[in-house]
Every structure is written in C-alpha cells, then in structure tokens.
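For reference, the structure is listed below as structure tokens.
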Amino acid sequence: MKQSLFKYFSLFYGYLGNSVLLALLSSLLVALMDGFGLAMFLPLLQAAGGEATTAGAGSGDLRFLLDGLETIGLTVTLTTVLSVMLLFFVLKGIARFAMDFYRVVLQQRFANAIRVRNLNLLVGAEFKHFSGAHSGRIQNTMSSEVGRLNQAYVNYFMLLQYLIMTVVYVVLAYLANPKFAAIVVVGGLFSNVAFVWINAATKSASTKISQGMNQYQGYLIESVASFKFLKATNLIARYRDKIEHNILATERQQRQIGVLNALTTSVREPLVVLVVVAAILVQTIVFDQGLGLIIVSLLFLYRALTSVIAVQNCYNSFLGVSGSIDNVTSFTQEMGQVQEVMGGIPFSGLQRGIEINDLHYAYDANQVIQDLSFRIDKYQTIGVVGESGSGKTTLVNLLCGLLSPQDGTILVDGTGINQLDKATYRDCIGYVTQEPQVFSDSIRNNVTCWSSAQHSDESIWEALRMAHAERFVRDLPRGLDTVVGINGITLSGGQRQRLSIARELFRKVDLLILDEATSALDSRSEHLIQENIDTLAGSLTMVVIAHRLSTVRRADKLIFLKPGGGYEIGSYTSLHQRSYSFRNMVDLQTL
Ligand code: ADP
C-alpha cells in the first residue's frame, strides 16, 4: 500500500504542485483542532465534579494544553474549559470548510489539467504513430476515464486526509495514555492483514474495467463510422454481440468491486470494536487500571479508529478506480514519446517553390519512394499519378510534413521542411482528402472552419461557387445555415467533395493538394470542377493526385509513380510519347 500511495502522490503533485500540500495542511488542522477540543473533555468532567484543582490528571502528557491556558493567564474553571473547547471546535469547523472546499477546487483543477494535457499531447502527436486502432482508447481516455480518475483523486485525497487525522489522533491518544494506545494500535495493525487480499482483487478488477472500456469505446466508434455497411449486410448483429459481451464482462468486474467494497465496509467496524474491547479488557483486568485513566485516550482512539475505517474504505474505493490512473498515465507517457518535433522557422507563405531532392521513403521493407527529385515552382500545377499503392498518398504526406524524409530533402523556399515551424507551414496548405472531410455543423462553419475572423457571406458564396457547390447549397432549406449530419451523411458523395474543395478555396492557401478530389463526382460535376481548377491554375500552387488521368492532362508536370519506388516525370504529352507503362495506363482508362 505504501509504495503505490507514494507513486500516485507524485502523479497528483505533478499536476497540482504545492496546492496539494495546502490541502493536506488543512486536514492536519482539522484533526488538531478536533483533538485539542476533545482533550478538554477530561478537565471538563473533573471540573464538573468539583475537582478543578486536579484538572488534567487523566490527560497524561496532554496536560500541556491546560498548562498553556494557565500560562496565558486563564484559570482552569468550568467556564474557561467550556469556552476553550468551543473555540477549538469553531476553529475545527473553519478548517473543515477550508479542507472540503479546497478539495472540490483541486478536484476540478486536476480533471481539467489532465484533459488539457492529453488534448495537447493528442494535437501534438506525430501523424505516423496515429492509427485508427487507438480511437477507442483515445475516446475513453479523454472522456469517461477522466471521470474515473477524478473519483480516484477524491478517494486518494480523502484517504490521505483521514490518514493524517488517524496519525494525529493516535499521537494524542498516546500522549493521554501510552500503554493503552499502544495495545490498540498493535491490535489494529494485525487486523489490517485481512484486507491485503481484498485490495489486490479490487485493483485487478479495476484494471480490467479500464481495458474493457477502451475496447467498448473502440467498438462504438467503429460501428458508428461503418453503420451503413454493417446495417446493409447485417454484420451489425455480430457487432452487437461483441459489444454486449463487452458490456456484460464489465458489469461482472463492477459487481466484483461492489462486493469487495461492501466486504471492506462491513467487516472493518466489528473488527475494530473487537480490538478496542480486547484492549479495554487487557487494560482493566491484566493491568488493573481504572476506566477513568483511559477515557480521553479512548475518545481519541475511537476517533482514530473511525478514521482508519475511512482510510480503508477510501483506499478500496480508490483501488476500484485506480485502473484508470494506470490507463491515463500510460496513455500520457506513450503520447509524450510520439510528439512531433517542430522546427523553429516560421513560414509566412510560399515565395519560390518546393524542391524535392533524392527523396526516399519506405514502410519497413516496402520501398515506396526512391531517389525522387523534382521541383514545384510557385503557381505550378503538378499532377501525381500512378496505380493504387504506388506511393501517391505517401508523397503528399511527405509534402505536408506529416512524414519525414528518410533520406534526401524537401526544401520549401530553400529551407528544409523539418526546420520549418510546421504549424505555420500547414496554415498555408489546403488539402482535399480522398474521403472528403465534412463536419456535423452548418454549411457556413464547414466552409469557414470556425474561423474567428470577420467574413462576409459573399466570400463564402464565392468559394462555394468556385467549387461548383453554390447551387445545391442555395437549394438547401436553410442555405448556409443548414446543418449537415454526422460526416455529412445528408449530402451526396459529390456534394461532400465540393464542400471540402470550397473550404480550401475559402482559406486562400498557398499550396492546394487535391487527393483524387474528383473521384466521387459524376462526369458533369467533375468537368465543371475541372474547369474551376483550371481557372485556379496559375494563381495557386497545386498538387493534384488523380486516378483519372484526364483531370491532370493540363498540369504543368506529371510525376508518374511506379510500385517499388520507380518514377517518370514529364508533361502529359511527353510521358505519353516516351513511357510505355504510362501509355498503358491511359489506354486502360480510355477503355
Ligand atoms: P497510393 O496513394 O498510391 O495508393 P500509398 O502511398 O497509400 O499509395 O501506399 C504506398 C504503399 O505503402 C502501399 O504498398 C501501402 O500498402 C503502403 N503503406 C501506406 N501507408 C502505410 C502505413 N502507414 N504503414 C505501412 N505501409 C503503408
């Protein structure tokens, strides 16, 4: 218990710093004020019985409190003892308020600190380490796990607070009657052994719950993303079974934790009373001491034992949610190791162009790009073509700085891409991906991307017009304010694509990447967009990846990638003349 308590303390301290110590100080004050207040009981009894002169006789070393009163000039009478007692309990009330209030404040601060930190880690993560397989874990870690972690935090701090109180009460009990206190403490420690097994079982169940929740969230995300396919093929029934199996397994773990918590709570008190009863019997029968001598010590020990029960309960509840701490901590560590390193040179816009020299990229043994060299001059349109799997997307990822060259260089206006501050560089990149990105929001926000800058509706319509999306948006019931469903489900594939193109045109970027952007369009729309792209040509630097060679016919240059890393460069006409495989591809498409 001690080891893990320290381990977790450093985690909480890491997020909250010295505030944690302040919170603990408030519990120390609560216990001390309570203890001093209770210590007034014996002189009170004695004062009430007319023994004011011998006041403090049963208080052991706690007599210093009474001596203290006399030192500041107060005579120990019923009234002074009562007033001092009242004062201590008022002070305790104030300390208790501070303790509880501060706990709530820190609890919120802690949860938010974790959320913000993980959010930053997520945003800063390197693309290459980011895979869909983690989506359930990311979702779970950022949402419900933070809630469980928050509970763990509360339980942990209440545990520490009760632990401090226990220590204070034990010390006071010891000062009041050392022998009696020692017997009870030793008995209490022995009774603790029974809980080792319960704690271990709770911890193990908690870890399994966290793992199960990660999986659950992953299944949910997948089933929402693939809903149409799963529904149409009724494979959703198998998904349902998988999710239900997961829910039931988690329920079993939750129930196990519930049983263990109930066991801890119910067994602890009788056990504690047994220890106290045994100690009183030893005190009175074996040592032949009167009850009067142990009354104050007993009061403290009773308080201490109640605190011990609370410590034990908090500890078990803490263990019940501690799986989340391990889950979140390992997530934070893993994300910390895959953070993207940004160069320090800010980018303010493309001036001359991008130069690719002897570029290499391989996924393990799969050599995708080899010795690739070419230039993209400002305002040029470059077509990237090649059969599926030839490395077109990989090349684009390298151009965006999402992947780093394994050999060779990418120079943007003469500066190595890794020396650039990639955030500002990417501000200047527009990207229309194969799967058009449409957010579950209004058309307006889909085009402006929640930009805080002031912009007129006309500028939005202008972008929509360029992307050949004006007509369908005008026909929507609420025009620019129409909200499209999740992933733009209420739009057709072609409309989604046009909307994505409009967004990038609205952003007025320097380098526009169109990744098979017209693949989901019918020939008429494709033709219209093609015309628009052609109008843009010359006013924007463009990299167009296209399966349909017709879309890049007029590009200034084509990079024709071949599987295994080979490539050819030239205009459409020159490639057609000299490259057999290019001609082959054109012929196949014409067919
Ligand atoms: P294209 O866009 O031309 O279809 P890609 O650049 O997507 O080609 O892929 C090129 C090759 O690299 C393919 O063989 C593909 O399987 C492989 N590949 C792509 N991404 C990864 C990845 N993240 N991990 C391993 N291999 C990958």
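To be explicit about the labels: the chains of the structure tokens are called A, B, and onward in the order shown, and within each one the residues are counted from 1, while ligands get numbers from 1 in the order they are shown.
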Given a cut-off of 10 Å, what residues near ligand 1 show up using only C-alpha atoms and all ligand atoms, put as a PDB file with N, CA and C atoms, in the first residue's frame?
ATOM      1  N   PHE A 127       1.924  12.194 -36.872  1.00  0.00           N
ATOM      2  CA  PHE A 127       0.925  11.513 -37.687  1.00  0.00           C
ATOM      3  C   PHE A 127       1.210  10.025 -37.818  1.00  0.00           C
ATOM      4  N   LYS A 128       2.479   9.690 -37.991  1.00  0.00           N
ATOM      5  CA  LYS A 128       2.845   8.313 -38.293  1.00  0.00           C
ATOM      6  C   LYS A 128       2.458   7.351 -37.169  1.00  0.00           C
ATOM      7  N   HIS A 129       2.366   7.874 -35.929  1.00  0.00           N
ATOM      8  CA  HIS A 129       2.023   6.995 -34.808  1.00  0.00           C
ATOM      9  C   HIS A 129       0.534   6.982 -34.524  1.00  0.00           C
ATOM     10  N   PHE A 130      -0.164   7.705 -35.350  1.00  0.00           N
ATOM     11  CA  PHE A 130      -1.584   7.850 -35.084  1.00  0.00           C
ATOM     12  C   PHE A 130      -2.344   6.850 -35.938  1.00  0.00           C
ATOM     13  N   SER A 131      -3.015   5.930 -35.313  1.00  0.00           N
ATOM     14  CA  SER A 131      -3.759   4.982 -36.145  1.00  0.00           C
ATOM     15  C   SER A 131      -5.165   4.803 -35.608  1.00  0.00           C
ATOM     16  N   TYR A 361      11.533   6.990 -49.134  1.00  0.00           N
ATOM     17  CA  TYR A 361      10.649   6.626 -48.020  1.00  0.00           C
ATOM     18  C   TYR A 361      10.231   5.168 -48.146  1.00  0.00           C
ATOM     19  N   ALA A 362      10.340   4.442 -47.025  1.00  0.00           N
ATOM     20  CA  ALA A 362       9.944   3.028 -47.017  1.00  0.00           C
ATOM     21  C   ALA A 362       9.156   2.742 -45.753  1.00  0.00           C
ATOM     22  N   TYR A 363       8.142   1.889 -45.868  1.00  0.00           N
ATOM     23  CA  TYR A 363       7.475   1.354 -44.665  1.00  0.00           C
ATOM     24  C   TYR A 363       8.144   0.004 -44.418  1.00  0.00           C
ATOM     25  N   ASP A 364       9.002  -0.061 -43.438  1.00  0.00           N
ATOM     26  CA  ASP A 364       9.850  -1.244 -43.199  1.00  0.00           C
ATOM     27  C   ASP A 364      10.547  -1.640 -44.505  1.00  0.00           C
ATOM     28  N   ALA A 365      10.257  -2.850 -44.992  1.00  0.00           N
ATOM     29  CA  ALA A 365      10.978  -3.290 -46.195  1.00  0.00           C
ATOM     30  C   ALA A 365      10.300  -2.819 -47.482  1.00  0.00           C
ATOM     31  N   ASN A 366       9.146  -2.171 -47.345  1.00  0.00           N
ATOM     32  CA  ASN A 366       8.385  -1.773 -48.527  1.00  0.00           C
ATOM     33  C   ASN A 366       8.855  -0.395 -49.021  1.00  0.00           C
ATOM     34  N   GLN A 367       9.765  -0.430 -49.991  1.00  0.00           N
ATOM     35  CA  GLN A 367      10.319   0.820 -50.524  1.00  0.00           C
ATOM     36  C   GLN A 367       9.262   1.477 -51.405  1.00  0.00           C
ATOM     37  N   VAL A 368       8.759   2.634 -50.981  1.00  0.00           N
ATOM     38  CA  VAL A 368       7.662   3.260 -51.711  1.00  0.00           C
ATOM     39  C   VAL A 368       8.176   4.407 -52.580  1.00  0.00           C
ATOM     40  N   ILE A 369       9.109   5.197 -52.024  1.00  0.00           N
ATOM     41  CA  ILE A 369       9.658   6.324 -52.801  1.00  0.00           C
ATOM     42  C   ILE A 369      11.171   6.212 -52.792  1.00  0.00           C
ATOM     43  N   VAL A 384       0.105  14.109 -59.775  1.00  0.00           N
ATOM     44  CA  VAL A 384       0.789  12.907 -59.305  1.00  0.00           C
ATOM     45  C   VAL A 384      -0.089  11.731 -59.702  1.00  0.00           C
ATOM     46  N   VAL A 385       0.444  10.864 -60.516  1.00  0.00           N
ATOM     47  CA  VAL A 385      -0.359   9.733 -60.980  1.00  0.00           C
ATOM     48  C   VAL A 385       0.395   8.429 -60.734  1.00  0.00           C
ATOM     49  N   GLY A 386      -0.302   7.339 -60.877  1.00  0.00           N
ATOM     50  CA  GLY A 386       0.291   6.024 -60.652  1.00  0.00           C
ATOM     51  C   GLY A 386      -0.794   5.107 -60.147  1.00  0.00           C
ATOM     52  N   GLU A 387      -0.579   3.828 -60.316  1.00  0.00           N
ATOM     53  CA  GLU A 387      -1.631   2.905 -59.891  1.00  0.00           C
ATOM     54  C   GLU A 387      -1.736   2.895 -58.359  1.00  0.00           C
ATOM     55  N   SER A 388      -2.807   2.280 -57.886  1.00  0.00           N
ATOM     56  CA  SER A 388      -3.051   2.244 -56.445  1.00  0.00           C
ATOM     57  C   SER A 388      -1.877   1.559 -55.737  1.00  0.00           C
ATOM     58  N   GLY A 389      -1.404   2.152 -54.661  1.00  0.00           N
ATOM     59  CA  GLY A 389      -0.301   1.565 -53.902  1.00  0.00           C
ATOM     60  C   GLY A 389       1.059   2.007 -54.407  1.00  0.00           C
ATOM     61  N   SER A 390       1.090   2.943 -55.373  1.00  0.00           N
ATOM     62  CA  SER A 390       2.395   3.334 -55.921  1.00  0.00           C
ATOM     63  C   SER A 390       3.071   4.422 -55.079  1.00  0.00           C
ATOM     64  N   GLY A 391       2.358   4.990 -54.119  1.00  0.00           N
ATOM     65  CA  GLY A 391       3.002   5.934 -53.202  1.00  0.00           C
ATOM     66  C   GLY A 391       2.523   7.369 -53.322  1.00  0.00           C
ATOM     67  N   LYS A 392       1.388   7.586 -53.975  1.00  0.00           N
ATOM     68  CA  LYS A 392       0.899   8.967 -54.178  1.00  0.00           C
ATOM     69  C   LYS A 392       0.581   9.630 -52.833  1.00  0.00           C
ATOM     70  N   THR A 393      -0.179   8.905 -51.995  1.00  0.00           N
ATOM     71  CA  THR A 393      -0.555   9.479 -50.702  1.00  0.00           C
ATOM     72  C   THR A 393       0.684   9.680 -49.820  1.00  0.00           C
ATOM     73  N   THR A 394       1.610   8.740 -49.919  1.00  0.00           N
ATOM     74  CA  THR A 394       2.838   8.868 -49.122  1.00  0.00           C
ATOM     75  C   THR A 394       3.580  10.140 -49.518  1.00  0.00           C
ATOM     76  N   LEU A 395       3.635  10.413 -50.813  1.00  0.00           N
ATOM     77  CA  LEU A 395       4.319  11.623 -51.287  1.00  0.00           C
ATOM     78  C   LEU A 395       3.643  12.881 -50.734  1.00  0.00           C
ATOM     79  N   VAL A 396       2.315  12.873 -50.758  1.00  0.00           N
ATOM     80  CA  VAL A 396       1.582  14.028 -50.239  1.00  0.00           C
ATOM     81  C   VAL A 396       1.839  14.189 -48.737  1.00  0.00           C
ATOM     82  N   ASN A 397       1.853  13.074 -48.016  1.00  0.00           N
ATOM     83  CA  ASN A 397       2.128  13.141 -46.578  1.00  0.00           C
ATOM     84  C   ASN A 397       3.503  13.737 -46.310  1.00  0.00           C
ATOM     85  N   LEU A 398       4.455  13.403 -47.188  1.00  0.00           N
ATOM     86  CA  LEU A 398       5.802  13.966 -47.042  1.00  0.00           C
ATOM     87  C   LEU A 398       5.777  15.467 -47.333  1.00  0.00           C
ATOM     88  N   LEU A 403       4.964  13.104 -42.739  1.00  0.00           N
ATOM     89  CA  LEU A 403       6.027  12.098 -42.655  1.00  0.00           C
ATOM     90  C   LEU A 403       7.335  12.839 -42.926  1.00  0.00           C
ATOM     91  N   GLN A 434      -9.130  12.104 -49.960  1.00  0.00           N
ATOM     92  CA  GLN A 434      -9.943  11.136 -50.712  1.00  0.00           C
ATOM     93  C   GLN A 434     -11.321  10.993 -50.115  1.00  0.00           C
ATOM     94  N   ASP A 515      -6.428  15.367 -53.394  1.00  0.00           N
ATOM     95  CA  ASP A 515      -6.137  13.939 -53.430  1.00  0.00           C
ATOM     96  C   ASP A 515      -7.324  13.203 -54.039  1.00  0.00           C
ATOM     97  N   GLU A 516      -7.210  12.870 -55.302  1.00  0.00           N
ATOM     98  CA  GLU A 516      -8.290  12.203 -56.028  1.00  0.00           C
ATOM     99  C   GLU A 516      -9.614  12.877 -55.711  1.00  0.00           C
ATOM    100  N   ILE A 545      -3.520  14.800 -57.112  1.00  0.00           N
ATOM    101  CA  ILE A 545      -3.367  13.355 -57.276  1.00  0.00           C
ATOM    102  C   ILE A 545      -4.590  12.867 -58.017  1.00  0.00           C
ATOM    103  N   ALA A 546      -4.385  12.141 -59.099  1.00  0.00           N
ATOM    104  CA  ALA A 546      -5.581  11.736 -59.826  1.00  0.00           C
ATOM    105  C   ALA A 546      -5.463  10.324 -60.365  1.00  0.00           C
ATOM    106  N   HIS A 547      -6.541   9.591 -60.186  1.00  0.00           N
ATOM    107  CA  HIS A 547      -6.663   8.300 -60.835  1.00  0.00           C
ATOM    108  C   HIS A 547      -7.075   8.532 -62.281  1.00  0.00           C
ATOM    109  N   LEU A 561       4.326   7.798 -60.622  1.00  0.00           N
ATOM    110  CA  LEU A 561       4.979   6.907 -59.660  1.00  0.00           C
ATOM    111  C   LEU A 561       4.698   5.452 -60.025  1.00  0.00           C
ATOM    112  N   LYS A 562       5.712   4.608 -59.836  1.00  0.00           N
ATOM    113  CA  LYS A 562       5.529   3.185 -60.128  1.00  0.00           C
ATOM    114  C   LYS A 562       5.762   2.397 -58.843  1.00  0.00           C
ATOM    115  N   PRO A 563       5.096   1.263 -58.708  1.00  0.00           N
ATOM    116  CA  PRO A 563       5.275   0.478 -57.483  1.00  0.00           C
ATOM    117  C   PRO A 563       6.749   0.116 -57.306  1.00  0.00           C
ATOM    118  N   GLY A 564       7.223   0.182 -56.068  1.00  0.00           N
ATOM    119  CA  GLY A 564       8.614  -0.193 -55.789  1.00  0.00           C
ATOM    120  C   GLY A 564       9.549   1.016 -55.803  1.00  0.00           C
ATOM    121  N   GLY A 565       9.047   2.216 -56.129  1.00  0.00           N
ATOM    122  CA  GLY A 565       9.869   3.410 -55.983  1.00  0.00           C
ATOM    123  C   GLY A 565      10.285   4.066 -57.288  1.00  0.00           C
TER     124      GLY A 565
END
*Using only C-alpha atoms, determine which residues lie at most 10 Å from A:Arg109, disregarding the query and same-chain residues fewer than 5 positions distant; provide the list as a ChimeraX atom specification.*
/A:15-16,103-104,114-115,150
*If you run DSSP over the backbone, which residues in stretch 458-569 of chain A end up strand (DSSP E)? Put them as a list in words.*
Leu511, Leu512, Ile513, Leu514, Asp515, Thr541, Met542, Val543, Val544, Ile545, Lys557, Leu558, Ile559, Phe560, Leu561, Tyr567, Glu568 and Ile569 of chain A
With stretch 460-477 of chain A as the partner and 9 Å as the cut-off, tabulate the residues of stretch 345-448 of chain A that qualify, each row holding the nearest pair of atoms and their distance in Å to one decimal, using only C-alpha atoms, sorted by chain and rising number, as JSON lines.
{"residue": "A:Ile443", "atom": "CA", "partner": "A:Val473", "partner_atom": "CA", "distance": 7.9}
{"residue": "A:Arg444", "atom": "CA", "partner": "A:Ile460", "partner_atom": "CA", "distance": 7.3}
{"residue": "A:Val447", "atom": "CA", "partner": "A:Ile460", "partner_atom": "CA", "distance": 6.8}
{"residue": "A:Thr448", "atom": "CA", "partner": "A:Ile460", "partner_atom": "CA", "distance": 7.4}
*Among the residues of stretch 55-128 of chain A, find those DSSP assigns to alpha helix (DSSP H) from the backbone and print them as a ChimeraX atom specification.*
/A:63-71,78-124
Quick one: which stretch 280-347 of chain A residues come within 12 Å of stretch 17-35 of chain A, and what is the nearest atom pair for each with the distance in Å to one decimal, counting only C-alpha atoms, rows ordered by chain and ascending number, as CSV?
residue,atom,partner,partner_atom,distance
A:Val296,CA,A:Gly35,CA,10.0
A:Ser297,CA,A:Gly35,CA,10.6
A:Leu299,CA,A:Gly35,CA,9.3
A:Phe300,CA,A:Gly35,CA,7.2
A:Leu301,CA,A:Gly35,CA,10.6
A:Tyr302,CA,A:Gly35,CA,11.5
A:Arg303,CA,A:Gly35,CA,9.0
A:Ala304,CA,A:Ala31,CA,9.8
A:Ser307,CA,A:Ala31,CA,10.2
Atoms kept (all heavy atoms) for selection, written as a tab-separated table (two decimals), in the first residue's frame:
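What follows is the written file out_3.tsv:
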chain	number	residue	atom	x	y	z
A	296	VAL	N	-9.88	9.67	28.05
A	296	VAL	CA	-9.50	10.60	26.99
A	296	VAL	C	-8.83	9.84	25.85
A	296	VAL	O	-9.11	10.03	24.66
A	296	VAL	CB	-8.60	11.70	27.55
A	296	VAL	CG1	-7.97	12.50	26.42
A	296	VAL	CG2	-9.41	12.62	28.43
A	297	SER	N	-7.94	8.90	26.25
A	297	SER	CA	-7.25	8.09	25.25
A	297	SER	C	-8.27	7.33	24.40
A	297	SER	O	-8.15	7.24	23.18
A	297	SER	CB	-6.32	7.12	25.97
A	297	SER	OG	-5.57	6.42	25.04
A	299	LEU	N	-11.35	8.18	23.83
A	299	LEU	CA	-12.02	9.13	22.92
A	299	LEU	C	-11.22	9.33	21.65
A	299	LEU	O	-11.73	9.27	20.54
A	299	LEU	CB	-12.14	10.49	23.62
A	299	LEU	CG	-13.46	10.82	24.29
A	299	LEU	CD1	-13.37	12.18	24.96
A	299	LEU	CD2	-14.58	10.83	23.27
A	300	PHE	N	-9.90	9.53	21.83
A	300	PHE	CA	-9.04	9.73	20.67
A	300	PHE	C	-8.97	8.49	19.82
A	300	PHE	O	-9.00	8.54	18.59
A	300	PHE	CB	-7.63	10.13	21.10
A	300	PHE	CG	-7.57	11.53	21.62
A	300	PHE	CD1	-6.90	11.84	22.79
A	300	PHE	CD2	-8.17	12.56	20.91
A	300	PHE	CE1	-6.86	13.13	23.26
A	300	PHE	CE2	-8.12	13.86	21.37
A	300	PHE	CZ	-7.46	14.15	22.56
A	301	LEU	N	-8.84	7.34	20.52
A	301	LEU	CA	-8.71	6.10	19.75
A	301	LEU	C	-9.98	5.82	18.96
A	301	LEU	O	-9.93	5.33	17.85
A	301	LEU	CB	-8.39	4.93	20.68
A	301	LEU	CG	-6.94	4.95	21.16
A	301	LEU	CD1	-6.72	3.91	22.24
A	301	LEU	CD2	-5.98	4.73	19.99
A	302	TYR	N	-11.11	6.18	19.56
A	302	TYR	CA	-12.36	5.97	18.84
A	302	TYR	C	-12.34	6.80	17.56
A	302	TYR	O	-12.66	6.32	16.48
A	302	TYR	CB	-13.56	6.35	19.72
A	302	TYR	CG	-14.84	6.16	18.94
A	302	TYR	CD1	-15.34	4.87	18.71
A	302	TYR	CD2	-15.51	7.25	18.39
A	302	TYR	CE1	-16.47	4.68	17.96
A	302	TYR	CE2	-16.66	7.07	17.64
A	302	TYR	CZ	-17.14	5.79	17.44
A	302	TYR	OH	-18.25	5.59	16.67
A	303	ARG	N	-11.89	8.05	17.72
A	303	ARG	CA	-11.78	8.93	16.54
A	303	ARG	C	-10.79	8.33	15.54
A	303	ARG	O	-11.03	8.28	14.34
A	303	ARG	CB	-11.25	10.31	16.96
A	303	ARG	CG	-12.28	11.20	17.59
A	303	ARG	CD	-13.13	11.79	16.47
A	303	ARG	NE	-13.48	13.18	16.67
A	303	ARG	CZ	-14.69	13.60	17.00
A	303	ARG	NH1	-15.65	12.74	17.20
A	303	ARG	NH2	-14.94	14.89	17.13
A	304	ALA	N	-9.64	7.86	16.07
A	304	ALA	CA	-8.60	7.30	15.20
A	304	ALA	C	-9.15	6.10	14.44
A	304	ALA	O	-8.94	5.96	13.24
A	304	ALA	CB	-7.39	6.89	16.03
A	307	SER	N	-11.37	7.02	11.75
A	307	SER	CA	-10.57	7.50	10.61
A	307	SER	C	-9.94	6.34	9.87
A	307	SER	O	-9.86	6.34	8.65
A	307	SER	CB	-9.46	8.43	11.08
A	307	SER	OG	-10.00	9.52	11.74
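Of the residues listed (A:Gly136, A:Phe36, A:Leu411, A:Gln339), A:Phe36 shows the shortest atom-to-atom separation from A:Phe89; distances use only C-alpha atoms.
Residues with any atom within 10 Å of A:Gln312, counting only C-alpha atoms and excluding same-chain neighbours fewer than 4 positions away, are A:Leu159, A:Tyr162, A:Leu163, A:Asn192, A:Phe195, A:Asn199, A:Asn261, A:Thr264, A:Thr265, A:Arg268, A:Thr306, A:Ser307, A:Val308, A:Asn316, A:Ser317, A:Phe318.
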*So how many Å separate atom CA of A:Ser579 and atom CA of A:Gly566, to one decimal?*
12.5 Å
